[in-house]
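Data block below; observations after.
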Amino acid sequence: MEIIDNENQAKEVLKDFNETVLVPTMGNLHKGHLSLVKKAKQVGKTTIVSIYVNPLQFGVNEDLDNYPRTLNDDLLKLEQAGCDFVFCPSDNILENIQKYKAPDISKKLCGKSRPKHFDGVVTIVRKLFEVLNPDYAIFGLKDYQQFLIIKKFFKKHNFQTKILGGPIIREDDGLAMSSRNNLLTPEDRKIAPKIYEQLTLIKNNIKNKTHSELIINSIEAFKENNIFPEYLTILNPETLEDANESDSSVLIAIAVKLGNVRLIDNILIN
Ligand code: PAF
């Protein structure tokens, strides 16, 4: 496994490799990320993982400073997973960076409480694509809105890189794996599985009740555990508009703050 830490080196080294697959990450790698690396190895011939905690996608009062940074551990995991290249740039990557606006669906869901977040995401991912020029890039579907925004953004900007999604990987108790889970207090970690429990309940009853009944019931159940979702909603997975009861394909999406830790999760029904 080769570690690359600057743009020129990346361009020089990677020009001789084909069927390259990029897994962009912010590090603190867990089984969810490693499942994306596994998928990358099935999709192409050369696997590149980028590790960069991107300041552009954090708001002023968000957790940029507390975001877990575990580079040595991450490199060990990637080596064991059979990754070929790791790109871990310094903040120099932001020098003279051209900033981009994310498509309008970025204003929905997480965009309501994190107004510039997705602009920061598309800006850094575009920069990574320009430097690494991958044939494929894989993003986790836990961040479903991010996945959709990236797909739409790069289609609009005529990039050839094919964007793929990797399934959500869960802890045994159902909690979606996330680097932020490590920041939960023991008490909040105990109630966190309620998130997936309620998503599953909605999924299992989607044909028996109206969407608003399902949402109201879940909000009530959350309240009993002192959980107050930022959003809990049933949507059309392409437009992120409210879904109709007759829709066969829907996204059930949630964001919850437990203490200072913001968690998101979803279930996609096709
Ligand atoms: O999903 C993430 O970890 C980040 O948003 C990404 C795609 C690596 C961009 O910084």
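Chain identifiers are assigned as A, B, and so on, following the order in which chains appear in the structure tokens; residues are numbered from 1 within each chain, and ligands are numbered from 1 in order of appearance.
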
Inset, instruction - All residues within 6 Å of ligand 1 are required, counting only C-alpha atoms and all ligand atoms; please report them as number ranges by chain. - result: A: 24-26, 54, 121, 125

Legend entry - 7 Å contact set for region 128-141 of chain A, only C-alpha atoms, chain neighbours under 5 positions out, as JSON, numbers by chain: {"A": [7, 10, 11, 19, 20, 21, 22, 23, 36, 147, 161, 162, 163, 164, 165, 166, 167, 168]}

List as a tab-separated table every residue of region 16-37 of chain A that is in contact with region 67-70 of chain A, defined as an atom at most 10 Å from one of its atoms (using only C-alpha atoms), together with the nearest atom pair and the distance in Å rounded to one decimal, sorted by chain and then rising number.
residue	atom	partner	partner_atom	distance
A:Met26	CA	A:Arg69	CA	8.3
A:Gly27	CA	A:Arg69	CA	6.6
A:Asn28	CA	A:Thr70	CA	5.3
A:Leu29	CA	A:Thr70	CA	8.1

Legend entry - Backbone-only DSSP, helix (DSSP H, G or I) members of region 82-177 of chain A, as a ChimeraX atom specification: /A:91-94,104-107,110-113,117-132,141-156

Inset, instruction - Write out as a VMD selection string all residues of region 11-208 of chain A that backbone DSSP assigns to strand (DSSP E). - result: chain A and resid 20 to 25 46 to 51 85 to 87 136 to 140 162 to 166

Can you write out the residues you just picked, keeping N, CA, C and O atoms, as a compact mmCIF listing (two decimals), in the first residue's frame?
# COMPACT_ATOMS: atom_id res chain seq x y z
N THR A 20 -9.52 2.55 -11.68
CA THR A 20 -9.29 3.04 -10.31
C THR A 20 -10.63 3.31 -9.62
O THR A 20 -11.56 3.83 -10.23
N VAL A 21 -10.69 2.94 -8.36
CA VAL A 21 -11.92 3.14 -7.57
C VAL A 21 -11.55 3.92 -6.31
O VAL A 21 -10.70 3.49 -5.54
N LEU A 22 -12.21 5.05 -6.15
CA LEU A 22 -11.93 5.91 -5.00
C LEU A 22 -13.01 5.73 -3.92
O LEU A 22 -14.21 5.73 -4.23
N VAL A 23 -12.56 5.58 -2.68
CA VAL A 23 -13.48 5.65 -1.53
C VAL A 23 -13.08 6.88 -0.72
O VAL A 23 -12.09 6.85 0.01
N PRO A 24 -13.83 7.98 -0.86
CA PRO A 24 -13.49 9.19 -0.09
C PRO A 24 -13.94 9.03 1.35
O PRO A 24 -15.07 8.60 1.60
N THR A 25 -13.08 9.36 2.30
CA THR A 25 -13.46 9.26 3.72
C THR A 25 -12.87 10.44 4.50
O THR A 25 -12.00 11.16 4.00
N THR A 46 -7.76 -0.99 -9.05
CA THR A 46 -6.88 -0.19 -8.19
C THR A 46 -7.73 0.56 -7.18
O THR A 46 -8.60 1.35 -7.57
N THR A 47 -7.49 0.30 -5.91
CA THR A 47 -8.32 0.92 -4.86
C THR A 47 -7.58 2.08 -4.21
O THR A 47 -6.45 1.92 -3.75
N ILE A 48 -8.24 3.23 -4.19
CA ILE A 48 -7.67 4.41 -3.54
C ILE A 48 -8.63 4.85 -2.44
O ILE A 48 -9.83 5.01 -2.70
N VAL A 49 -8.12 5.05 -1.25
CA VAL A 49 -8.95 5.62 -0.18
C VAL A 49 -8.37 6.99 0.14
O VAL A 49 -7.15 7.13 0.30
N SER A 50 -9.23 8.00 0.19
CA SER A 50 -8.73 9.31 0.63
C SER A 50 -9.17 9.53 2.07
O SER A 50 -10.26 9.11 2.48
N ILE A 51 -8.27 10.15 2.82
CA ILE A 51 -8.57 10.48 4.22
C ILE A 51 -8.31 11.96 4.38
O ILE A 51 -7.16 12.42 4.29
N PHE A 85 -3.76 2.41 -2.59
CA PHE A 85 -3.23 3.76 -2.35
C PHE A 85 -4.08 4.48 -1.31
O PHE A 85 -5.30 4.36 -1.31
N VAL A 86 -3.42 5.23 -0.45
CA VAL A 86 -4.14 6.11 0.47
C VAL A 86 -3.70 7.53 0.18
O VAL A 86 -2.50 7.83 0.16
N PHE A 87 -4.67 8.38 -0.08
CA PHE A 87 -4.36 9.80 -0.32
C PHE A 87 -4.73 10.57 0.93
O PHE A 87 -5.91 10.64 1.28
N TYR A 136 -14.28 5.11 -10.83
CA TYR A 136 -15.47 4.91 -9.98
C TYR A 136 -15.21 5.59 -8.63
O TYR A 136 -14.06 5.71 -8.20
N ALA A 137 -16.30 5.98 -7.98
CA ALA A 137 -16.18 6.44 -6.59
C ALA A 137 -17.36 5.86 -5.81
O ALA A 137 -18.48 5.77 -6.32
N ILE A 138 -17.07 5.43 -4.59
CA ILE A 138 -18.11 4.75 -3.79
C ILE A 138 -18.38 5.54 -2.51
O ILE A 138 -17.45 5.92 -1.80
N PHE A 139 -19.66 5.76 -2.25
CA PHE A 139 -20.08 6.52 -1.06
C PHE A 139 -21.08 5.67 -0.27
O PHE A 139 -21.90 4.96 -0.85
N GLY A 140 -21.01 5.79 1.05
CA GLY A 140 -21.93 5.02 1.91
C GLY A 140 -23.34 5.58 1.84
O GLY A 140 -23.54 6.80 1.81
N LYS A 162 -17.95 7.10 -12.39
CA LYS A 162 -19.25 6.48 -12.04
C LYS A 162 -19.40 6.46 -10.52
O LYS A 162 -18.51 6.02 -9.81
N ILE A 163 -20.55 6.96 -10.07
CA ILE A 163 -20.80 7.08 -8.63
C ILE A 163 -21.61 5.88 -8.16
O ILE A 163 -22.71 5.64 -8.67
N LEU A 164 -21.09 5.16 -7.18
CA LEU A 164 -21.79 3.98 -6.65
C LEU A 164 -22.07 4.16 -5.16
O LEU A 164 -21.35 4.88 -4.48
N GLY A 165 -23.11 3.46 -4.67
CA GLY A 165 -23.43 3.52 -3.25
C GLY A 165 -23.13 2.18 -2.58
O GLY A 165 -23.24 1.14 -3.22
N GLY A 166 -22.74 2.22 -1.32
CA GLY A 166 -22.50 0.99 -0.55
C GLY A 166 -23.48 0.94 0.61
O GLY A 166 -23.79 1.98 1.21

Inset, instruction - Using only C-alpha atoms, determine which residues lie at most 7 Å from region 228-237 of chain A, disregarding the query and same-chain residues fewer than 2 positions distant; provide the list as a list in words. - result: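 Within the cut-off, the hits are Leu109, His211, Ile215, Phe222, Lys223, Asn226, Thr239, Leu240, Glu241, Asp242, Ala243, Ser249, Val250, Leu251, Ile252, Ala253, Ile254, Ala255, Val256 and Lys257 of chain A.
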
Next, dump the selected residues to file, keeping only C-alpha atoms, as an mmCIF file, in the first residue's frame.
data_model
loop_
_atom_site.group_PDB
_atom_site.id
_atom_site.type_symbol
_atom_site.label_atom_id
_atom_site.label_comp_id
_atom_site.auth_asym_id
_atom_site.auth_seq_id
_atom_site.Cartn_x
_atom_site.Cartn_y
_atom_site.Cartn_z
ATOM 1 C CA LEU A 109 -33.189 17.468 5.270
ATOM 2 C CA HIS A 211 -47.343 8.227 6.495
ATOM 3 C CA ILE A 215 -44.407 9.543 11.810
ATOM 4 C CA PHE A 222 -38.962 8.793 20.702
ATOM 5 C CA LYS A 223 -40.349 11.338 23.166
ATOM 6 C CA ASN A 226 -36.211 11.955 25.470
ATOM 7 C CA THR A 239 -36.554 14.198 -5.401
ATOM 8 C CA LEU A 240 -36.584 14.119 -1.580
ATOM 9 C CA GLU A 241 -40.146 15.505 -1.785
ATOM 10 C CA ASP A 242 -42.779 13.974 0.515
ATOM 11 C CA ALA A 243 -43.720 10.528 -0.752
ATOM 12 C CA SER A 249 -40.204 3.254 -3.618
ATOM 13 C CA VAL A 250 -39.650 5.475 -0.558
ATOM 14 C CA LEU A 251 -36.866 6.674 1.691
ATOM 15 C CA ILE A 252 -37.491 6.807 5.442
ATOM 16 C CA ALA A 253 -34.919 9.269 6.758
ATOM 17 C CA ILE A 254 -34.045 10.605 10.185
ATOM 18 C CA ALA A 255 -31.601 12.957 11.903
ATOM 19 C CA VAL A 256 -31.312 13.010 15.681
ATOM 20 C CA LYS A 257 -29.107 14.867 18.089
#

Inset, instruction - To one decimal in Å, tell me the separation between CA of Lys107 (chain A) and CA of Ile216 (chain A). - result: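 The value is 23.6 Å.
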
Inset, instruction - Can you work out the spacing between CA of Leu56 (chain A) and CA of His117 (chain A) in Å, to one decimal? - result: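 So the answer is 7.3 Å.
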
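Considering only C-alpha atoms, the residue among A:Leu263, A:Leu199, A:Ile206, A:Ile150 positioned nearest to Asn244 (chain A) is A:Ile206.
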
Inset, instruction - State, in Å with one decimal place, the distance from CA of Asn18 (chain A) to CA of Lys45 (chain A). - result: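 According to the coordinates, CA of Asn18 (chain A) and CA of Lys45 (chain A) are separated by 6.9 Å.
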